[in-house]
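Asker: For reference, the file run_12.cif (mmCIF, C-alpha atoms and all ligand atoms) is included below:
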```cif
data_target
#
loop_
_atom_site.label_atom_id
_atom_site.label_comp_id
_atom_site.auth_asym_id
_atom_site.auth_seq_id
_atom_site.Cartn_x
_atom_site.Cartn_y
_atom_site.Cartn_z
CA MET N 1 -11.05 6.03 11.90
CA LEU N 2 -11.27 2.33 11.02
CA GLU N 3 -12.82 -0.32 13.18
CA THR N 4 -13.61 -3.99 12.83
CA LYS N 5 -15.88 -6.04 15.04
CA HIS N 6 -15.59 -9.84 15.15
CA LEU N 7 -14.23 -9.78 11.61
CA THR N 8 -13.93 -13.34 10.33
CA LYS N 9 -13.09 -14.91 7.00
CA LYS N 10 -13.29 -18.64 6.46
CA PHE N 11 -11.99 -20.51 3.46
CA GLY N 12 -13.75 -23.82 3.94
CA GLU N 13 -12.53 -25.10 7.30
CA LEU N 14 -9.69 -22.61 7.51
CA GLN N 15 -10.24 -19.44 9.53
CA ALA N 16 -7.88 -17.09 7.71
CA VAL N 17 -9.13 -14.13 9.77
CA SER N 18 -10.70 -15.02 13.08
CA ASP N 19 -12.77 -12.70 15.27
CA VAL N 20 -10.56 -9.67 14.69
CA ASN N 21 -11.43 -6.51 16.60
CA LEU N 22 -9.33 -3.64 15.34
CA SER N 23 -9.48 0.00 16.23
CA ILE N 24 -7.22 2.19 14.19
CA SER N 25 -6.89 5.88 14.96
CA ARG N 26 -6.40 8.76 12.55
CA ASP N 27 -2.82 9.49 13.51
CA GLY N 28 0.45 7.83 12.70
CA ILE N 29 1.54 4.71 10.86
CA HIS N 30 -0.14 1.45 11.86
CA SER N 31 1.60 -1.77 10.87
CA ILE N 32 0.21 -5.28 10.67
CA ILE N 33 2.79 -8.00 11.17
CA GLY N 34 2.75 -11.74 11.70
CA PRO N 35 4.22 -14.98 10.38
CA ASN N 36 3.48 -16.29 6.89
CA GLY N 37 -0.15 -17.27 6.49
CA ALA N 38 -1.23 -15.24 9.54
CA GLY N 39 -4.07 -13.64 7.59
CA LYS N 40 -2.57 -10.20 6.94
CA SER N 41 -3.35 -10.00 3.23
CA THR N 42 -6.79 -11.54 3.76
CA LEU N 43 -7.50 -8.80 6.30
CA PHE N 44 -6.55 -6.15 3.71
CA HIS N 45 -8.78 -7.83 1.10
CA LEU N 46 -11.66 -7.65 3.56
CA LEU N 47 -11.02 -4.00 4.41
CA THR N 48 -10.89 -2.99 0.74
CA GLY N 49 -13.90 -5.02 -0.42
CA TYR N 50 -12.01 -7.61 -2.46
CA LEU N 51 -13.29 -10.33 -0.14
CA LYS N 52 -16.56 -10.43 1.76
CA PRO N 53 -16.34 -11.38 5.42
CA THR N 54 -17.94 -14.58 6.66
CA GLU N 55 -18.86 -12.72 9.83
CA GLY N 56 -18.32 -9.36 11.45
CA GLU N 57 -18.38 -5.72 10.62
CA ILE N 58 -16.11 -3.00 9.23
CA ARG N 59 -16.71 0.65 10.08
CA TYR N 60 -14.91 3.57 8.51
CA ASN N 61 -15.41 6.98 10.10
CA GLU N 62 -18.37 5.47 11.95
CA GLU N 63 -19.99 4.26 8.75
CA ASP N 64 -20.70 0.59 8.11
CA ILE N 65 -18.81 -0.36 4.95
CA THR N 66 -19.00 -4.15 5.37
CA GLY N 67 -19.37 -5.94 2.06
CA LEU N 68 -19.23 -2.82 -0.15
CA ALA N 69 -17.70 -3.28 -3.60
CA PRO N 70 -14.05 -2.18 -3.96
CA ARG N 71 -14.84 0.88 -6.10
CA LYS N 72 -17.39 2.08 -3.54
CA ILE N 73 -14.80 1.72 -0.80
CA VAL N 74 -12.32 3.74 -2.88
CA ARG N 75 -14.96 6.45 -3.07
CA LYS N 76 -15.16 6.52 0.71
CA GLY N 77 -11.46 7.44 0.71
CA ILE N 78 -9.74 4.09 1.20
CA SER N 79 -7.14 3.07 -1.34
CA ARG N 80 -4.73 0.16 -1.59
CA SER N 81 -1.60 -0.61 -3.51
CA PHE N 82 -2.22 -2.24 -6.81
CA GLN N 83 -0.36 -5.20 -8.20
CA ILE N 84 2.10 -4.90 -11.06
CA ALA N 85 -0.49 -6.71 -13.17
CA ASP N 86 -2.80 -3.72 -12.73
CA LEU N 87 -0.44 -1.34 -14.48
CA PHE N 88 -1.16 -0.65 -18.11
CA GLU N 89 2.05 -2.19 -19.30
CA GLY N 90 2.03 -0.69 -22.77
CA LEU N 91 1.42 2.83 -21.50
CA THR N 92 3.95 5.24 -20.07
CA VAL N 93 4.34 6.27 -16.44
CA LYS N 94 2.57 9.54 -17.16
CA GLU N 95 -0.30 7.88 -19.03
CA ASN N 96 -0.87 5.34 -16.25
CA LEU N 97 -1.09 8.10 -13.66
CA GLN N 98 -3.34 10.24 -15.85
CA ILE N 99 -5.84 7.43 -16.25
CA ALA N 100 -5.83 6.72 -12.52
CA THR N 101 -6.26 10.43 -11.74
CA GLN N 102 -9.17 10.74 -14.16
CA ALA N 103 -10.83 7.69 -12.62
CA LEU N 104 -11.30 9.83 -9.52
CA ASP N 105 -14.35 11.37 -11.10
CA GLU N 106 -16.44 8.75 -12.87
CA LYS N 107 -18.44 11.30 -14.77
CA ARG N 108 -15.39 12.96 -16.16
CA ASN N 109 -14.75 11.76 -19.65
CA ALA N 110 -11.51 12.55 -21.43
CA ILE N 111 -13.30 13.56 -24.64
CA TRP N 112 -15.60 16.03 -22.93
CA MET N 113 -13.14 17.17 -20.36
CA SER N 114 -13.00 20.93 -20.06
CA SER N 115 -9.59 22.49 -20.51
CA ASP N 116 -9.63 23.42 -16.80
CA ALA N 117 -10.24 19.85 -15.75
CA LEU N 118 -7.57 18.66 -18.14
CA THR N 119 -5.08 21.14 -16.71
CA THR N 120 -5.91 19.92 -13.20
CA THR N 121 -5.37 16.30 -14.21
CA LEU N 122 -2.03 17.13 -15.79
CA GLU N 123 -0.94 19.17 -12.78
CA LYS N 124 -1.92 16.40 -10.41
CA THR N 125 -0.08 13.84 -12.53
CA ASP N 126 3.05 15.99 -12.61
CA GLN N 127 2.90 16.46 -8.85
CA LEU N 128 2.51 12.71 -8.31
CA MET N 129 5.48 11.96 -10.54
CA ALA N 130 7.57 14.52 -8.70
CA ASP N 131 6.56 13.14 -5.29
CA LEU N 132 7.39 9.61 -6.40
CA GLU N 133 10.66 10.69 -7.99
CA LEU N 134 9.45 9.33 -11.32
CA SER N 135 9.48 12.58 -13.32
CA GLU N 136 12.52 11.60 -15.35
CA LEU N 137 10.79 8.34 -16.29
CA SER N 138 7.57 10.08 -17.31
CA ASP N 139 7.67 8.81 -20.92
CA VAL N 140 8.99 5.32 -20.19
CA ARG N 141 6.57 2.45 -20.68
CA ALA N 142 5.49 0.68 -17.47
CA ASP N 143 6.79 -2.66 -18.70
CA ALA N 144 10.25 -1.18 -19.26
CA LEU N 145 10.64 0.08 -15.68
CA SER N 146 12.81 -1.59 -13.06
CA HIS N 147 10.99 -3.63 -10.43
CA GLY N 148 11.44 -0.85 -7.87
CA ASP N 149 10.06 1.82 -10.19
CA GLN N 150 7.10 -0.39 -11.06
CA ARG N 151 6.32 -0.63 -7.36
CA LYS N 152 6.50 3.16 -7.11
CA LEU N 153 4.09 3.44 -10.01
CA GLU N 154 1.70 1.02 -8.29
CA MET N 155 1.89 3.27 -5.28
CA GLY N 156 1.17 6.22 -7.61
CA LEU N 157 -2.02 4.56 -8.85
CA ALA N 158 -3.16 4.12 -5.26
CA LEU N 159 -2.39 7.78 -4.51
CA ALA N 160 -4.03 9.11 -7.67
CA VAL N 161 -7.49 8.60 -6.19
CA GLU N 162 -6.55 11.01 -3.37
CA PRO N 163 -7.28 8.69 -0.45
CA ASP N 164 -7.55 9.56 3.24
CA LEU N 165 -6.40 6.08 4.13
CA ILE N 166 -3.99 3.89 2.20
CA LEU N 167 -3.27 0.20 2.74
CA LEU N 168 0.07 -1.08 1.49
CA ASP N 169 0.81 -4.81 1.44
CA GLU N 170 4.59 -5.27 1.50
CA PRO N 171 5.48 -2.28 -0.68
CA THR N 172 9.17 -3.20 -0.55
CA ALA N 173 8.75 -6.85 -1.55
CA GLY N 174 11.46 -7.95 -3.95
CA MET N 175 13.71 -4.99 -3.18
CA GLY N 176 17.18 -5.03 -1.70
CA LYS N 177 17.84 -3.47 1.68
CA GLN N 178 18.99 -0.08 0.44
CA GLU N 179 16.18 0.25 -2.08
CA SER N 180 13.66 -0.82 0.59
CA VAL N 181 14.85 1.90 2.95
CA GLN N 182 14.60 4.50 0.18
CA MET N 183 11.10 3.32 -0.75
CA MET N 184 9.96 3.43 2.85
CA ASN N 185 11.37 6.94 3.31
CA LEU N 186 9.52 8.01 0.20
CA ILE N 187 6.27 6.47 1.46
CA GLN N 188 6.64 8.12 4.84
CA ARG N 189 7.27 11.50 3.26
CA ILE N 190 4.29 11.24 0.91
CA VAL N 191 1.76 10.14 3.52
CA ASN N 192 3.03 12.88 5.81
CA ASP N 193 2.86 15.63 3.19
CA ARG N 194 -0.57 14.56 1.98
CA ASP N 195 -1.92 13.80 5.45
CA ILE N 196 -2.84 10.24 4.52
CA LYS N 197 -3.28 7.56 7.15
CA LEU N 198 -1.09 4.55 6.36
CA ILE N 199 -1.75 0.95 7.32
CA LEU N 200 1.19 -1.18 6.34
CA ILE N 201 1.93 -4.88 6.06
CA GLU N 202 5.67 -5.37 6.21
CA HIS N 203 7.95 -8.34 6.71
CA ASP N 204 11.07 -6.45 7.73
CA ILE N 205 10.64 -6.25 11.50
CA GLU N 206 13.51 -3.83 11.95
CA MET N 207 11.88 -1.41 9.53
CA VAL N 208 8.46 -1.89 11.15
CA MET N 209 9.87 -1.07 14.57
CA GLN N 210 11.45 2.10 13.22
CA ILE N 211 8.55 3.62 11.37
CA SER N 212 5.38 2.42 13.14
CA ASP N 213 3.44 4.28 15.77
CA ARG N 214 1.28 1.25 16.46
CA ILE N 215 1.58 -2.41 15.60
CA THR N 216 -0.95 -5.23 15.46
CA VAL N 217 0.43 -8.76 15.43
CA LEU N 218 -1.66 -11.42 13.74
CA ASN N 219 -1.09 -15.11 14.22
CA ARG N 220 -3.27 -17.84 12.71
CA GLY N 221 -5.93 -15.28 11.90
CA GLU N 222 -6.14 -13.89 15.41
CA ILE N 223 -4.78 -10.76 17.03
CA LEU N 224 -1.89 -11.91 19.18
CA ALA N 225 -0.79 -8.52 20.44
CA GLU N 226 -1.18 -4.82 19.86
CA GLY N 227 0.88 -1.91 21.05
CA ASP N 228 3.65 0.52 20.26
CA PRO N 229 6.96 -0.84 18.92
CA LYS N 230 8.54 -1.10 22.38
CA GLU N 231 5.62 -3.10 23.77
CA ILE N 232 5.60 -5.44 20.79
CA GLN N 233 9.34 -5.98 20.95
CA ALA N 234 9.10 -6.93 24.62
CA ASN N 235 6.09 -9.22 24.16
CA GLU N 236 7.00 -12.87 24.75
CA ARG N 237 4.01 -14.27 22.88
CA VAL N 238 5.12 -12.33 19.82
CA GLN N 239 8.66 -13.62 20.12
CA GLU N 240 7.33 -17.18 20.37
CA ALA N 241 5.14 -16.76 17.31
CA TYR N 242 8.18 -15.75 15.31
CA ILE N 243 10.39 -18.63 16.45
CA GLY N 244 10.69 -21.09 13.63
CA THR N 245 9.85 -18.53 10.98
CA GLU N 246 13.13 -16.67 11.27
CA GLY N 247 15.32 -16.71 8.24
CA GLU N 248 12.40 -17.08 5.84
N1 LIG N 301 -8.47 -17.40 -1.64
C1 LIG N 301 -8.08 -18.28 -0.70
N2 LIG N 301 -8.60 -19.52 -0.65
C2 LIG N 301 -8.22 -20.39 0.30
N3 LIG N 301 -7.32 -20.13 1.26
C3 LIG N 301 -6.75 -18.90 1.25
C4 LIG N 301 -7.10 -17.92 0.27
N4 LIG N 301 -6.38 -16.80 0.52
C5 LIG N 301 -5.60 -17.08 1.59
N5 LIG N 301 -5.83 -18.34 2.02
C6 LIG N 301 -5.21 -18.95 3.22
O1 LIG N 301 -5.50 -18.14 4.33
C7 LIG N 301 -4.38 -18.06 5.21
C8 LIG N 301 -3.98 -16.61 5.37
O2 LIG N 301 -3.40 -16.17 4.15
P1 LIG N 301 -2.88 -14.68 3.92
O3 LIG N 301 -2.45 -14.57 2.52
O4 LIG N 301 -3.91 -13.72 4.41
O5 LIG N 301 -1.63 -14.64 4.92
P2 LIG N 301 -0.49 -13.53 5.05
O6 LIG N 301 -0.42 -13.21 6.50
O7 LIG N 301 -0.73 -12.42 4.12
O8 LIG N 301 0.80 -14.37 4.65
P3 LIG N 301 2.16 -13.89 3.92
O9 LIG N 301 3.01 -13.26 4.98
O10 LIG N 301 2.77 -15.16 3.43
O11 LIG N 301 1.79 -12.94 2.82
C9 LIG N 301 -3.30 -18.94 4.60
O12 LIG N 301 -3.37 -20.20 5.21
C10 LIG N 301 -3.68 -19.02 3.14
O13 LIG N 301 -3.27 -20.21 2.57
MG MG N 302 0.35 -11.62 2.54
#
```
Show the structure stored in the file as structure tokens.
Answerer:
Amino acid sequence: MLETKHLTKKFGELQAVSDVNLSISRDGIHSIIGPNGAGKSTLFHLLTGYLKPTEGEIRYNEEDITGLAPRKIVRKGISRSFQIADLFEGLTVKENLQIATQALDEKRNAIWMSSDALTTTLEKTDQLMADLELSELSDVRADALSHGDQRKLEMGLALAVEPDLILLDEPTAGMGKQESVQMMNLIQRIVNDRDIKLILIEHDIEMVMQISDRITVLNRGEILAEGDPKEIQANERVQEAYIGTEGE
């Protein structure tokens, strides 16, 4: 489904992503792990068009998407989680999701929207809120939500464009253990129900081992290992890479 060839991103002298060859299949949850500064987020920025690679190629469903602008990549079916800063803070949960849903069709304009199209948007928004367990908070302003609910709303914006592939960079960051587990269960359920491929960056190794079908380990910009959770857990090079970063 998604492939990279010799993907490289340099920031001056630093190779943040270095000759990465990825091949990610349609099925299951694929996680990217690695110590701080390994290049995980940079890899996501490359895959979603927010950064242009220094070298290499990205192919999505066999098509070369290297260097395309983010909105063009969204149109190909790839979405990513947004940052809290991307929420319209003064608007409600429902309004945020409506805007994101409407953005799906550039030509669609709220003023000219037919009543059918409007009904579809509202139905989709209601469904999203239900899936995210945000229905009761429908009329609450984004800036009044708890941190956890804001993260759900960010996830909602990423889902509103109806992607085939979604990239989530630490969706449980800043959450306690229990809340993280709930969020991850929710994410798993949604991607399953909607048949969306998930690529996940996650710090919590225990969680990664539980939910992933495949794992890629990055270290200093390079792929250190790839395999299923059992293989990764048993890999000595991976264990070494994590020594000294434990407890962070
Ligand atoms: N815009 C940038 N300009 C210069 N250096 C950058 C930039 N973005 C990232 N870097 C550097 O590239 C390296 C990889 O950073 P990246 O954020 O991709 O790591 P990460 O694996 O996501 O780390 P973390 O687990 O801490 O989120 C780091 O050394 C970082 O300082
Ligand atoms: Mg990161």
Asker: Show me which residues line ligand LIG 301 (chain N), defined as having an atom within 8 Å of a ligand atom where all atoms listed in the file count, and present them as a compact mmCIF listing (two decimals) with C-alpha atoms, keeping the file's coordinate frame.
Answerer:
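Saved to out-v4.txt:
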```txt
# COMPACT_ATOMS: atom_id res chain seq x y z
CA PHE N 11 -11.99 -20.51 3.46
CA GLY N 12 -13.75 -23.82 3.94
CA LEU N 14 -9.69 -22.61 7.51
CA GLN N 15 -10.24 -19.44 9.53
CA ALA N 16 -7.88 -17.09 7.71
CA VAL N 17 -9.13 -14.13 9.77
CA ILE N 33 2.79 -8.00 11.17
CA GLY N 34 2.75 -11.74 11.70
CA PRO N 35 4.22 -14.98 10.38
CA ASN N 36 3.48 -16.29 6.89
CA GLY N 37 -0.15 -17.27 6.49
CA ALA N 38 -1.23 -15.24 9.54
CA GLY N 39 -4.07 -13.64 7.59
CA LYS N 40 -2.57 -10.20 6.94
CA SER N 41 -3.35 -10.00 3.23
CA THR N 42 -6.79 -11.54 3.76
CA LEU N 43 -7.50 -8.80 6.30
CA HIS N 203 7.95 -8.34 6.71
CA LEU N 218 -1.66 -11.42 13.74
CA ASN N 219 -1.09 -15.11 14.22
CA ARG N 220 -3.27 -17.84 12.71
CA GLY N 221 -5.93 -15.28 11.90
```
Asker: Taking 4 positions as the minimum chain separation for residues in the same chain, which residues sit within 12 Å of region 175-178 of chain N when counting only C-alpha atoms? Answer as a list in words.
Answerer: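 Counting only the stated atoms, we get Ser146, His147, Gly148, Asp149, Gln150, Arg151, Lys152, Glu170, Pro171, Gln182, Met183, Met184, Asn185, His203, Asp204, Glu206 and Met207 of chain N.
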Asker: Restricting the output to C-alpha atoms, write the selected residues as a compact mmCIF listing (two decimals), keeping the file's coordinate frame.
Answerer:
```
# COMPACT_ATOMS: atom_id res chain seq x y z
CA SER N 146 12.81 -1.59 -13.06
CA HIS N 147 10.99 -3.63 -10.43
CA GLY N 148 11.44 -0.85 -7.87
CA ASP N 149 10.06 1.82 -10.19
CA GLN N 150 7.10 -0.39 -11.06
CA ARG N 151 6.32 -0.63 -7.36
CA LYS N 152 6.50 3.16 -7.11
CA GLU N 170 4.59 -5.27 1.50
CA PRO N 171 5.48 -2.28 -0.68
CA GLN N 182 14.60 4.50 0.18
CA MET N 183 11.10 3.32 -0.75
CA MET N 184 9.96 3.43 2.85
CA ASN N 185 11.37 6.94 3.31
CA HIS N 203 7.95 -8.34 6.71
CA ASP N 204 11.07 -6.45 7.73
CA GLU N 206 13.51 -3.83 11.95
CA MET N 207 11.88 -1.41 9.53
```
Asker: How far is it from CA of Arg80 (chain N) to CA of Ile187 (chain N), in Å with one decimal?
Answerer: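 CA of Arg80 (chain N) sits 13.0 Å away from CA of Ile187 (chain N).
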Asker: Could you check which of N:Ile73, N:Leu2, N:Val93, N:Ile58 is closest to Leu134 (chain N), using all atoms listed in the file?
Answerer: N:Val93
Asker: What does the distance between CA of Met129 (chain N) and CA of Ile24 (chain N) come to in Å, to one decimal place?
Answerer: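 Interatomic distance, CA of Met129 (chain N) to CA of Ile24 (chain N): 29.5 Å.
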Asker: Quick one: distance from CA of Glu236 (chain N) to CA of Thr172 (chain N) in Å, one decimal?
Answerer: 27.2 Å
